[in-house]
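Step one of this worksheet: look at the structure below.
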Protein chains: 2
Amino acid sequence: MTNPKVRGAPDALKRAVTSIEVAARAGVSQSAVSRTFSVGTSVSDETRRKVMRAARELSYRPNAIARTLSTRQSNIIGIVLSTFENQLYPVVVEQLSRALQLQGKHTMLFLADKQDSDSAFNEILSYQLDGVVIASATLASKLAKQCADMGIPVVMFNRATDGTSTDSVTSDNRRAGQLIGAHLIALGHKRIAYISGREDSSTNRDREHGLREALRANEMTLFAQGNGNYEQALASAAAEKLMGGRTKPDAIVVASDHMAFAVIDTLRYSMNLHVPNDVSVVGFDDVPQSSWLAYQLTTVAQSVEKMVRATVELLMSPAASGQGVSRNVVVACELVERASVTQRTHT
Amino acid sequence: MTNPKVRGAPDALKRAVTSIEVAARAGVSQSAVSRTFSVGTSVSDETRRKVMRAARELSYRPNAIARTLSTRQSNIIGIVLSTFENQLYPVVVEQLSRALQLQGKHTMLFLADKQDSDSAFNEILSYQLDGVVIASATLASKLAKQCADMGIPVVMFNRATDGTSTDSVTSDNRRAGQLIGAHLIALGHKRIAYISGREDSSTNRDREHGLREALRANEMTLFAQGNGNYEQALASAAAEKLMGGRTKPDAIVVASDHMAFAVIDTLRYSMNLHVPNDVSVVGFDDVPQSSWLAYQLTTVAQSVEKMVRATVELLMSPAASGQGVSRNVVVACELVERASVTQRTHT
DNA sequence: ACTTATTTTGCATACGCATGCTAAATTCCA
DNA sequence: TGGAATTTAGCATGCGTATGCAAAATAAGT
């Protein structure tokens with residue numbers, strides 16, 4: 001009933017040219033063709049020439065699927081994430097895909113669904129992925145384990161491995177928190193508040209930890225705290241609450257730029273406050289929008305470039321997913337000073 | 001030299017369970033296993049039960065690669081795009097991936113490179129993609145043709161097919177331009193300027209066309225024009241130029257929200273102008289940021305949801321990539337009024 | 001109960017490429 | 001120039017699943 005193929009009619013899916021046809025035309029064996037298109041194999045110059053010629057004439061293209069079946073190497077890397085909402089992720093995926101393409105790898109995208117978790121997993125494992133990058137908070141560890149069991153290299157991107165022995169790439173988030181704390185203090189801030197991300201996220205924990213350390217080193221403590229859960233609406237609400245009390249913070253540290261934008265907007269347009277004159281705001285990540293004139297957000301830059309490079313290296317190196325020892329790359333951060341923070345005169 | 005496999009040592013890549021092993025355990029033939037895991041095949045209840053049991057015990061999972069080789073159906077859809085810069089594309093890719101996942105399809109991402117064009121193409125065609133969505137301006141028609149030659153369904157997303165007979169999904173951009181023109185005129189704008197996107201883009205052409213039609217219908221013409229080429233820097237420069245002359249526009253229509261943000265920022269923070277009091281600004285697309293308080297951008301919403309649905313339908317329907325006739329779905333747009341436009345008192 | 005129609009099962013093979021092994025061709029060395 | 005060392009070509013088989021065909025088993029019909 002569905003898709004009735006008319007016998008004899010020109011079929012939509014043209015049968016692709018195979019190595020056998022090329023071999024016939026070139027007057028060599030199929031193996032010769034295969035070897036011509038594989039790296040690190042020995043073929044005489046003449047044979048190669050003949051094969052290439054025939055291949056060109058027939059516009060032959062090796063079938064990656066068949067090759068995968070034979071070599072157990074798909075050249076496909078899976079990227080798992082939950083949403084592109086935070087602008088960091090489009091950047092990451094773009095750069096990661098580009099880097100992988102340069103290595104002859106391809107990118108398969110999995111949008112993790114909150115509910116329907118397993119279905120995607122099954123699919124992932126059905127394709128002989130060469131590796132998986134997990135940039136999704138949800139269900140990360142479960143998926144990581146499954147992949148590890150199958151012997152598929154896994155890299156946790158931007159999230160530390162909690163207990164499980166999985167390779168990971170993160171920024172030096174604790175240092176990032178310290179940098180921000182020290183910076184705000186140096187500029188004379190006395191009442192520093194923090195709006196957190198998901199409380200179960202290692203990234204958020206480390207950032208907060210670093211911030212607190214910097215405060216403690218100056219005999220200060222966090223003035224106030226709210227939870228944004230990495231969601232803009234919650235961050236806005238938290239900001240309103242923080243600025244709604246009697247004594248207000250003079251600086252708000254937000255666990256991600258993405259939330260920081262919402263915070264700034266709320267301060268400016270809902271509460272009629274001036275950033276940074278009434279309150280300084282800083283974020284984490286340095287996504288593209290942070291440098292937009294509307295925000296000019298002081299933040300700590302994650303070097304996506306370095307993180308991507310490290311990720312690719314982990315994926316490609318044979319030691320990936322050995323037993324027990326996991327490699328955890330921590331990439332340096334850098335404070336980016338912009339106009340959302342200002343000097344406070346001591347009062 | 002590279003990756004020397006120690007014979008007998010526990011190998012990293014665990015050999016996956018095959019249908020043959022399941023068959024053995026279940027006491028049936030391999031075909032029975034295969035049929036159990038294929039839809040629309042006849043297996044007795046008892047056999048199915050036995051197979052499922054054995055499969056569960058061995059945690060068997062059909063090998064998608066082998067299945068692809070056999071059926072010539074990979075269940076993989078390629079998405080080609082040039083960059084995630086414009087926030088519309090993260091949204092599109094996320095929704096498209098989700099929609100495809102619901103259909104049991106998977107998403108392979110190709111970041112089109114300006115220079116190195118062909119390499120990606122070859123790769124695309126090597127995997128037996130079930131379909132390709134092209135959301136990249138560059139080289140679109142060339143790639144579309146290659147895919148069509150191979151009998152791979154192609155859908156051009158958000159760009160009309162120029163001459164080539166390829167299926168496409170676009171918004172009703174001309175109508176969008178009309179809507180904006182009429183809206184601005186109704187609010188009393190007299191000097192309407194346009195900052196264009198890439199001049200070779202059908203989307204840009206249609207939007208401009210619609211805008212001009214609305215003006216003409218009111219016996220007006222475009223007051224001024226600049227070219228933004230879909231790049232923020234150029235859009236900013238164009239805005240500065242437009243507002244730098246003696247007589248200034250009272251409204252600027254920008255060919256994409258993404259550029260409109262840069263325009264607004266430049267007006268506000270470089271030129272000290274007020275939006276919308278000094279000049280109204282409108283965009284196209286309605287990306288997430290457009291509703292942020294900082295911008296409150298009046299724009300025409302592309303219904304990504306509808307476009308995605310149409311795209312999936314085109315991809316899945318057998319008629320895709322027939323000969324000659326191409327299907328061009330045009331999705332309705334909707335004006336979204338926000339605060340970047342204001343009533344003009346007639347002067 | 002016996003034939004006929006229908007469903008279920010297994011066998012065998014194809015999908016397109018990679019690769020171990022052996023035979024053939026070439027190069028090297030004396 | 002003859003034989004050993006080395007390179008290259010081809011043969012045959014495997015990768016894991018799907019499926020046409022025919023045999024076997026079951027259901028239906030009279």
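Ordering of the structure tokens sets the chain letters (A, B, ...), residue numbers begin anew at 1 in every chain, and ligands are numbered from 1 in the order given.
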
Using only C-alpha atoms, select each residue of chain A with any atom at most 6 Å away from an atom of chain B, and give the selection as an mmCIF file with N, CA and C atoms, in the first residue's frame.
data_model
loop_
_atom_site.group_PDB
_atom_site.id
_atom_site.type_symbol
_atom_site.label_atom_id
_atom_site.label_comp_id
_atom_site.auth_asym_id
_atom_site.auth_seq_id
_atom_site.Cartn_x
_atom_site.Cartn_y
_atom_site.Cartn_z
ATOM 1 N N ALA A 12 13.248 6.002 -7.970
ATOM 2 C CA ALA A 12 13.763 7.231 -7.373
ATOM 3 C C ALA A 12 15.178 7.013 -6.842
ATOM 4 N N LEU A 13 15.344 5.937 -6.095
ATOM 5 C CA LEU A 13 16.660 5.725 -5.507
ATOM 6 C C LEU A 13 17.573 4.997 -6.477
ATOM 7 N N LYS A 14 18.364 5.777 -7.138
ATOM 8 C CA LYS A 14 19.288 5.234 -8.116
ATOM 9 C C LYS A 14 20.310 4.365 -7.396
ATOM 10 N N ASN A 63 31.058 3.684 -0.334
ATOM 11 C CA ASN A 63 29.872 3.660 0.519
ATOM 12 C C ASN A 63 30.284 3.590 1.985
ATOM 13 N N ALA A 64 30.048 4.688 2.668
ATOM 14 C CA ALA A 64 30.496 4.789 4.051
ATOM 15 C C ALA A 64 29.819 3.762 4.941
ATOM 16 N N ILE A 65 28.607 3.425 4.626
ATOM 17 C CA ILE A 65 27.883 2.451 5.449
ATOM 18 C C ILE A 65 28.535 1.074 5.348
ATOM 19 N N PHE A 84 19.300 24.210 22.827
ATOM 20 C CA PHE A 84 20.200 25.245 22.318
ATOM 21 C C PHE A 84 19.925 26.593 22.972
ATOM 22 N N PRO A 90 24.940 26.558 20.765
ATOM 23 C CA PRO A 90 25.132 26.697 19.317
ATOM 24 C C PRO A 90 26.606 26.897 18.968
ATOM 25 N N THR A 107 28.952 14.418 12.527
ATOM 26 C CA THR A 107 28.265 14.754 13.753
ATOM 27 C C THR A 107 26.826 14.313 13.707
ATOM 28 N N MET A 108 26.444 13.529 14.670
ATOM 29 C CA MET A 108 25.054 13.141 14.773
ATOM 30 C C MET A 108 24.503 13.789 16.026
ATOM 31 N N LEU A 109 23.384 14.471 15.839
ATOM 32 C CA LEU A 109 22.864 15.285 16.926
ATOM 33 C C LEU A 109 21.732 14.566 17.643
ATOM 34 N N SER A 126 22.752 1.942 18.446
ATOM 35 C CA SER A 126 22.531 1.149 17.247
ATOM 36 C C SER A 126 23.482 1.540 16.129
ATOM 37 N N TYR A 127 23.751 2.833 16.062
ATOM 38 C CA TYR A 127 24.735 3.274 15.084
ATOM 39 C C TYR A 127 26.087 3.061 15.729
ATOM 40 N N MET A 150 29.616 -0.390 26.191
ATOM 41 C CA MET A 150 29.748 -0.813 24.797
ATOM 42 C C MET A 150 31.137 -0.516 24.246
ATOM 43 N N GLY A 151 31.966 0.092 25.052
ATOM 44 C CA GLY A 151 33.298 0.406 24.576
ATOM 45 C C GLY A 151 33.353 1.635 23.697
ATOM 46 N N ASP A 265 18.061 42.850 32.089
ATOM 47 C CA ASP A 265 16.819 43.386 31.530
ATOM 48 C C ASP A 265 15.808 43.682 32.628
ATOM 49 N N LEU A 293 26.330 45.715 22.579
ATOM 50 C CA LEU A 293 26.317 47.003 23.259
ATOM 51 C C LEU A 293 25.242 47.074 24.337
ATOM 52 N N ALA A 294 24.154 46.391 24.130
ATOM 53 C CA ALA A 294 23.067 46.470 25.099
ATOM 54 C C ALA A 294 23.493 45.895 26.446
#

Neighbours of chain A in chain C at 6 Å, counting only C-alpha atoms (C1' of nucleotides), as a PyMOL selection string = chain C and resi 16-18

message = Tell me as a list in words which residues belonging to chain D come within 12 Å of chain A, counting only C-alpha atoms (C1' of nucleotides).
response = DT7, DT8, DA9, DG10, DC11, DA12, DT13, DG14, DC15, DG16 and DT17 of chain D

Once you have the residues from the selection above, write them out as a PDB file, in the first residue's frame, restricted to N, CA and C atoms (P, O5', C5', C4', C3', O3' and C1' of nucleotides).
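Wrote out-v3.pdb, looks like this:
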ATOM      1  P    DT D   7      58.948  -3.543   0.718  1.00  0.00           P
ATOM      2  O5'  DT D   7      57.959  -3.472  -0.528  1.00  0.00           O
ATOM      3  C5'  DT D   7      58.479  -3.093  -1.808  1.00  0.00           C
ATOM      4  C4'  DT D   7      57.508  -3.481  -2.888  1.00  0.00           C
ATOM      5  C3'  DT D   7      56.065  -2.984  -2.682  1.00  0.00           C
ATOM      6  O3'  DT D   7      55.691  -2.236  -3.824  1.00  0.00           O
ATOM      7  C1'  DT D   7      56.088  -5.266  -3.293  1.00  0.00           C
ATOM      8  P    DT D   8      54.289  -1.499  -3.867  1.00  0.00           P
ATOM      9  O5'  DT D   8      53.386  -2.550  -4.626  1.00  0.00           O
ATOM     10  C5'  DT D   8      53.734  -2.947  -5.944  1.00  0.00           C
ATOM     11  C4'  DT D   8      52.744  -3.972  -6.448  1.00  0.00           C
ATOM     12  C3'  DT D   8      51.263  -3.581  -6.300  1.00  0.00           C
ATOM     13  O3'  DT D   8      50.649  -3.725  -7.564  1.00  0.00           O
ATOM     14  C1'  DT D   8      51.637  -5.770  -5.492  1.00  0.00           C
ATOM     15  P    DA D   9      49.139  -3.368  -7.772  1.00  0.00           P
ATOM     16  O5'  DA D   9      48.493  -4.810  -7.950  1.00  0.00           O
ATOM     17  C5'  DA D   9      48.963  -5.658  -8.993  1.00  0.00           C
ATOM     18  C4'  DA D   9      48.142  -6.947  -9.022  1.00  0.00           C
ATOM     19  C3'  DA D   9      46.635  -6.721  -8.927  1.00  0.00           C
ATOM     20  O3'  DA D   9      45.990  -7.449  -9.965  1.00  0.00           O
ATOM     21  C1'  DA D   9      47.380  -8.151  -7.159  1.00  0.00           C
ATOM     22  P    DG D  10      44.426  -7.437 -10.105  1.00  0.00           P
ATOM     23  O5'  DG D  10      44.035  -8.781  -9.359  1.00  0.00           O
ATOM     24  C5'  DG D  10      44.701  -9.990  -9.726  1.00  0.00           C
ATOM     25  C4'  DG D  10      44.186 -11.133  -8.881  1.00  0.00           C
ATOM     26  C3'  DG D  10      42.660 -11.171  -8.735  1.00  0.00           C
ATOM     27  O3'  DG D  10      42.243 -12.511  -8.978  1.00  0.00           O
ATOM     28  C1'  DG D  10      43.681 -11.203  -6.594  1.00  0.00           C
ATOM     29  P    DC D  11      40.714 -12.882  -9.109  1.00  0.00           P
ATOM     30  O5'  DC D  11      40.573 -13.950  -7.944  1.00  0.00           O
ATOM     31  C5'  DC D  11      41.681 -14.793  -7.617  1.00  0.00           C
ATOM     32  C4'  DC D  11      41.414 -15.510  -6.300  1.00  0.00           C
ATOM     33  C3'  DC D  11      39.942 -15.790  -6.019  1.00  0.00           C
ATOM     34  O3'  DC D  11      39.814 -17.109  -5.544  1.00  0.00           O
ATOM     35  C1'  DC D  11      40.874 -14.561  -4.232  1.00  0.00           C
ATOM     36  P    DA D  12      38.398 -17.801  -5.412  1.00  0.00           P
ATOM     37  O5'  DA D  12      38.151 -17.676  -3.851  1.00  0.00           O
ATOM     38  C5'  DA D  12      39.239 -17.956  -2.965  1.00  0.00           C
ATOM     39  C4'  DA D  12      38.851 -17.569  -1.550  1.00  0.00           C
ATOM     40  C3'  DA D  12      37.375 -17.831  -1.208  1.00  0.00           C
ATOM     41  O3'  DA D  12      37.313 -18.418   0.066  1.00  0.00           O
ATOM     42  C1'  DA D  12      37.905 -15.564  -0.799  1.00  0.00           C
ATOM     43  P    DT D  13      35.930 -18.999   0.590  1.00  0.00           P
ATOM     44  O5'  DT D  13      35.713 -18.127   1.903  1.00  0.00           O
ATOM     45  C5'  DT D  13      36.827 -17.831   2.739  1.00  0.00           C
ATOM     46  C4'  DT D  13      36.535 -16.613   3.578  1.00  0.00           C
ATOM     47  C3'  DT D  13      35.125 -16.579   4.174  1.00  0.00           C
ATOM     48  O3'  DT D  13      35.239 -16.386   5.560  1.00  0.00           O
ATOM     49  C1'  DT D  13      35.641 -14.511   3.185  1.00  0.00           C
ATOM     50  P    DG D  14      33.986 -16.697   6.494  1.00  0.00           P
ATOM     51  O5'  DG D  14      33.911 -15.358   7.363  1.00  0.00           O
ATOM     52  C5'  DG D  14      35.107 -14.701   7.791  1.00  0.00           C
ATOM     53  C4'  DG D  14      34.782 -13.269   8.137  1.00  0.00           C
ATOM     54  C3'  DG D  14      33.420 -13.095   8.823  1.00  0.00           C
ATOM     55  O3'  DG D  14      33.567 -12.253   9.954  1.00  0.00           O
ATOM     56  C1'  DG D  14      33.544 -11.710   6.899  1.00  0.00           C
ATOM     57  P    DC D  15      32.445 -12.232  11.064  1.00  0.00           P
ATOM     58  O5'  DC D  15      31.868 -10.755  10.962  1.00  0.00           O
ATOM     59  C5'  DC D  15      32.700  -9.618  11.124  1.00  0.00           C
ATOM     60  C4'  DC D  15      31.950  -8.397  10.665  1.00  0.00           C
ATOM     61  C3'  DC D  15      30.463  -8.466  11.003  1.00  0.00           C
ATOM     62  O3'  DC D  15      30.242  -7.783  12.239  1.00  0.00           O
ATOM     63  C1'  DC D  15      30.873  -7.634   8.765  1.00  0.00           C
ATOM     64  P    DG D  16      29.462  -8.550  13.425  1.00  0.00           P
ATOM     65  O5'  DG D  16      27.944  -8.266  13.047  1.00  0.00           O
ATOM     66  C5'  DG D  16      27.455  -6.936  13.114  1.00  0.00           C
ATOM     67  C4'  DG D  16      26.100  -6.872  12.472  1.00  0.00           C
ATOM     68  C3'  DG D  16      25.070  -7.841  13.056  1.00  0.00           C
ATOM     69  O3'  DG D  16      23.893  -7.110  13.331  1.00  0.00           O
ATOM     70  C1'  DG D  16      25.177  -8.066  10.703  1.00  0.00           C
ATOM     71  P    DT D  17      22.536  -7.778  13.758  1.00  0.00           P
ATOM     72  O5'  DT D  17      21.694  -7.600  12.432  1.00  0.00           O
ATOM     73  C5'  DT D  17      21.479  -6.286  11.958  1.00  0.00           C
ATOM     74  C4'  DT D  17      20.846  -6.309  10.601  1.00  0.00           C
ATOM     75  C3'  DT D  17      19.431  -6.885  10.541  1.00  0.00           C
ATOM     76  O3'  DT D  17      18.581  -5.864  10.028  1.00  0.00           O
ATOM     77  C1'  DT D  17      20.781  -7.762   8.804  1.00  0.00           C
TER      78       DT D  17
END

task = Apply DSSP to the structure's backbone, then extract all residues of stretch 14-120 of chain A labelled alpha helix (DSSP H) and return them as a PyMOL selection string.
result = chain A and resi 19-26+30-36+45-58+64-71+88-102+117-120

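Going from atom CA of B:Val287 over to atom CA of B:Leu179, you cover 17.7 Å.
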
key: From A:Ile79, A:Met271, A:Ala23, A:Ala339, residue lying nearest A:Ala54 [only C-alpha atoms]   = A:Ala23

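For the set A:His189, A:Arg338, A:Lys241, A:His183, the residue with the smallest atom-to-atom gap to A:Leu222 is A:His189, counting only C-alpha atoms.
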
For A:Arg309, list every protein, DNA or RNA residue within 12 Å, evaluated using only C-alpha atoms (C1' of nucleotides), and leave out those in the same chain fewer than 5 positions away; present the list as a PDB file with C-alpha atoms, in the first residue's frame.
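out19.pdb written:
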ATOM      1  CA  VAL A  92      29.945  24.705  20.911  1.00  0.00           C
ATOM      2  CA  GLN A  95      32.879  24.615  16.512  1.00  0.00           C
ATOM      3  CA  LEU A  96      32.837  20.988  17.492  1.00  0.00           C
ATOM      4  CA  SER A  97      31.256  19.948  14.228  1.00  0.00           C
ATOM      5  CA  ARG A  98      33.777  21.935  12.271  1.00  0.00           C
ATOM      6  CA  ALA A  99      36.671  20.462  14.198  1.00  0.00           C
ATOM      7  CA  LEU A 100      35.355  16.963  13.712  1.00  0.00           C
ATOM      8  CA  LEU A 102      38.402  18.464   9.719  1.00  0.00           C
ATOM      9  CA  GLN A 103      39.237  15.060  11.133  1.00  0.00           C
ATOM     10  CA  PHE A 157      31.526  18.419  27.904  1.00  0.00           C
ATOM     11  CA  VAL A 169      36.427  18.599  29.534  1.00  0.00           C
ATOM     12  CA  THR A 170      35.518  21.562  31.660  1.00  0.00           C
ATOM     13  CA  SER A 303      37.532  29.103  25.725  1.00  0.00           C
ATOM     14  CA  VAL A 304      35.253  27.072  23.533  1.00  0.00           C
ATOM     15  CA  LEU A 314      40.143  12.790  23.904  1.00  0.00           C
ATOM     16  CA  LEU A 315      37.782  11.262  21.399  1.00  0.00           C
ATOM     17  CA  MET A 316      40.494  10.388  18.953  1.00  0.00           C
ATOM     18  CA  VAL A 329      40.889  18.218  31.073  1.00  0.00           C
ATOM     19  CA  VAL A 330      40.448  21.571  32.746  1.00  0.00           C
ATOM     20  CA  VAL A 331      40.713  24.553  30.463  1.00  0.00           C
TER      21      VAL A 331
END

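Pairwise distance (atom CA of A:Val132, atom CA of A:Lys306) equals 18.0 Å.
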
request  = Can you work out which one of C:DA30, C:DT22, C:DA5, C:DA14 has the shortest atom-to-atom distance to D:DG3, counting only C-alpha atoms (C1' of nucleotides)?
outcome  = C:DA30

query = What is the atom CA of A:Arg159-atom CA of A:Asn173 distance in Å, reported with one decimal?
reply = 10.1 Å
